[in-house]
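J.: Quick one: structure below, then a few questions.
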2 protein chains.
Amino acid sequence: MERKPDNCRVEDALGILVGKWKPVILLYLLQEGTKRFSELKRNMPGITQKMLTKQLRELEDEDIIARVVYPQVPPKVEYSMTEYGRSLEPILEAMHEWGAKHTEHKMEKQQNQLKSSS
Amino acid sequence: MERKPDNCRVEDALGILVGKWKPVILLYLLQEGTKRFSELKRNMPGITQKMLTKQLRELEDEDIIARVVYPQVPPKVEYSMTEYGRSLEPILEAMHEWGAKHTEHKMEKQQNQLKSSS
DNA sequence: CTGTATCCTGATCGATACTG
DNA sequence: CAGTATCGATCAGGATACAG
């Protein structure tokens with residue numbers, strides 16, 4: 001598998017993860033399994049319906065999540081990871097771990113700067 | 001290490017990788033080692049000086065890459081991955097692999113849609 | 001050679017209101 | 001309940017010109 005700049009496929013993976021709420025949505029569905037629209041919304045404080053809908057549609061278009069509509073009143077729609085979407089889990093986990101370490105790293109750096117300037 | 005939505009650190013890692021040229025820059029430095037500004041520019045067809053400078057500064061601010069200035073005329077500036085930056089390599093590799101498989105996946109999907117519509 | 005400084009455009013995000 | 005429509009703000013990205 002080539003990794004040269006002129007054949008870089010990192011962007012393709014990145015494109016799917018990028019979006020202010022996508023990582024949270026994915027991690028949540030991975031952990032909790034199938035969820036309704038309203039449950040997702042309740043769990044992401046601050047997200048608007050428009051945004052949630054948009055992010056879900058984009059993930060659905062990439063086959064990362066599945067959307068099941070129950071034809072009833074009131075409507076019920078459930079979202080869940082696809083088999084394929086689950087292949088992203090190791091990457092998400094790795095990024096979470098790395099991200100956690102990185103915030104530590106940055107805090108240490110700040111501490112050192114404070115020390116040297118005092 | 002908690003991965004709950006309210007403690008999601010994926011964004012922190014994502015923030016560093018996001019930027020139109022960052023993945024390419026990182027992969028390039030990872031493979032080729034230390035490079036000059038002009039070499040980087042030559043290797044990223046289409047990037048402007050402003051953009052290259054900006055992306056490099058952002059990566060430098062996060063301690064992912066190191067910037068060494070040689071005080072001479074004409075100026076010479078070298079960029080390289082830091083020890084710390086190298087810890088991103090597995091993630092970058094994983095995303096590249098996944099991205100490559102994903103473009104395959106999308107092509108298969110398109111094929112199937114063509115078949116079923118004919 | 002290695003940058004900064006301006007200005008501009010399009011995409012993304014968000015607040016709000018409305019609907020089957 | 002689960003959306004869609006509209007409008008405005010913000011921001012990343014890019015073209016271009018200039019500078020140490």
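Naming works like this for the structure tokens: A, B, ... for the chains as they're shown, residue 1 at the start of each chain, ligands 1 onward in shown order.
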For chain B, report every residue with an atom at most 6 Å from chain A (counting only C-alpha atoms), formatted as a PyMOL selection string.
T.: chain B and resi 5+9-10+12-13+24+95-96+99-100
J.: How would the residues just picked look written out with all heavy atoms as a compact mmCIF listing (two decimals), in the first residue's frame?
T.:
# COMPACT_ATOMS: atom_id res chain seq x y z
N PRO B 5 -19.03 10.38 25.41
CA PRO B 5 -19.20 11.61 24.64
C PRO B 5 -18.80 12.87 25.40
O PRO B 5 -18.23 13.79 24.83
CB PRO B 5 -20.70 11.62 24.34
CG PRO B 5 -21.06 10.18 24.28
CD PRO B 5 -20.18 9.50 25.30
N ARG B 9 -11.93 12.84 23.43
CA ARG B 9 -10.67 13.50 23.08
C ARG B 9 -10.30 13.28 21.62
O ARG B 9 -9.20 13.59 21.20
CB ARG B 9 -9.54 12.97 23.97
CG ARG B 9 -9.64 13.34 25.43
CD ARG B 9 -9.05 14.72 25.72
NE ARG B 9 -10.02 15.78 25.65
CZ ARG B 9 -10.83 16.12 26.64
NH1 ARG B 9 -10.83 15.50 27.77
NH2 ARG B 9 -11.69 17.10 26.46
N VAL B 10 -11.23 12.71 20.88
CA VAL B 10 -10.94 12.48 19.47
C VAL B 10 -10.70 13.80 18.76
O VAL B 10 -9.80 13.93 17.94
CB VAL B 10 -12.09 11.72 18.78
CG1 VAL B 10 -11.85 11.61 17.28
CG2 VAL B 10 -12.21 10.32 19.38
N ASP B 12 -9.36 16.42 19.78
CA ASP B 12 -8.03 16.98 20.02
C ASP B 12 -7.02 16.43 19.02
O ASP B 12 -6.16 17.15 18.53
CB ASP B 12 -7.58 16.68 21.45
CG ASP B 12 -8.55 17.26 22.46
OD1 ASP B 12 -8.85 18.45 22.37
OD2 ASP B 12 -9.02 16.50 23.32
N ALA B 13 -7.15 15.14 18.74
CA ALA B 13 -6.27 14.53 17.75
C ALA B 13 -6.66 15.01 16.36
O ALA B 13 -5.81 15.38 15.55
CB ALA B 13 -6.36 13.01 17.83
N VAL B 24 -0.53 15.20 4.33
CA VAL B 24 0.52 15.02 3.32
C VAL B 24 1.86 15.48 3.86
O VAL B 24 2.88 14.81 3.67
CB VAL B 24 0.22 15.82 2.04
CG1 VAL B 24 0.75 15.09 0.85
CG2 VAL B 24 -1.25 16.10 1.90
N MET B 95 -5.16 5.42 9.17
CA MET B 95 -6.12 6.18 8.40
C MET B 95 -5.86 6.03 6.91
O MET B 95 -6.80 5.99 6.11
CB MET B 95 -6.08 7.65 8.80
CG MET B 95 -6.58 7.86 10.22
SD MET B 95 -6.68 9.60 10.65
CE MET B 95 -8.02 10.11 9.62
N HIS B 96 -4.60 5.96 6.54
CA HIS B 96 -4.28 5.78 5.13
C HIS B 96 -4.82 4.44 4.62
O HIS B 96 -5.45 4.36 3.57
CB HIS B 96 -2.77 5.86 4.92
CG HIS B 96 -2.35 5.59 3.52
ND1 HIS B 96 -2.57 6.49 2.51
CD2 HIS B 96 -1.76 4.52 2.95
CE1 HIS B 96 -2.10 5.98 1.38
NE2 HIS B 96 -1.61 4.79 1.62
N GLY B 99 -8.59 4.55 4.54
CA GLY B 99 -9.03 5.42 3.46
C GLY B 99 -8.94 4.72 2.12
O GLY B 99 -9.83 4.83 1.27
N ALA B 100 -7.86 3.98 1.92
CA ALA B 100 -7.68 3.26 0.66
C ALA B 100 -8.79 2.22 0.50
O ALA B 100 -9.39 2.09 -0.56
CB ALA B 100 -6.32 2.59 0.63
J.: Using only C-alpha atoms (C1' of nucleotides), find which residues of chain C lie within 10 Å of chain B and jot them down as a PyMOL selection string.
T.: chain C and resi 1-4
J.: Determine which residues of chain D sit within 10 Å of chain B, taking into account only C-alpha atoms (C1' of nucleotides), and present them as a list of chain:residue names.
T.: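 Taking only C-alpha atoms (C1' of nucleotides) into account, D:DA12, D:DG13, D:DG14, D:DA15, D:DG20 sit within 10 Å of chain B.
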J.: Among stretch 2-58 of chain A, which residues does DSSP mark as helix (DSSP H, G or I) when it is run on the backbone? Keep the chain and numbering as in the structure and answer as a PyMOL selection string.
T.: chain A and resi 5-7+10-17+22-32+37-43+49-58
J.: List the neighbours of C:DC18 out to 12 Å using only C-alpha atoms (C1' of nucleotides); skip same-chain residues closer than 6 positions along the sequence, and give me the result as a ChimeraX atom specification.
T.: /D:3-6
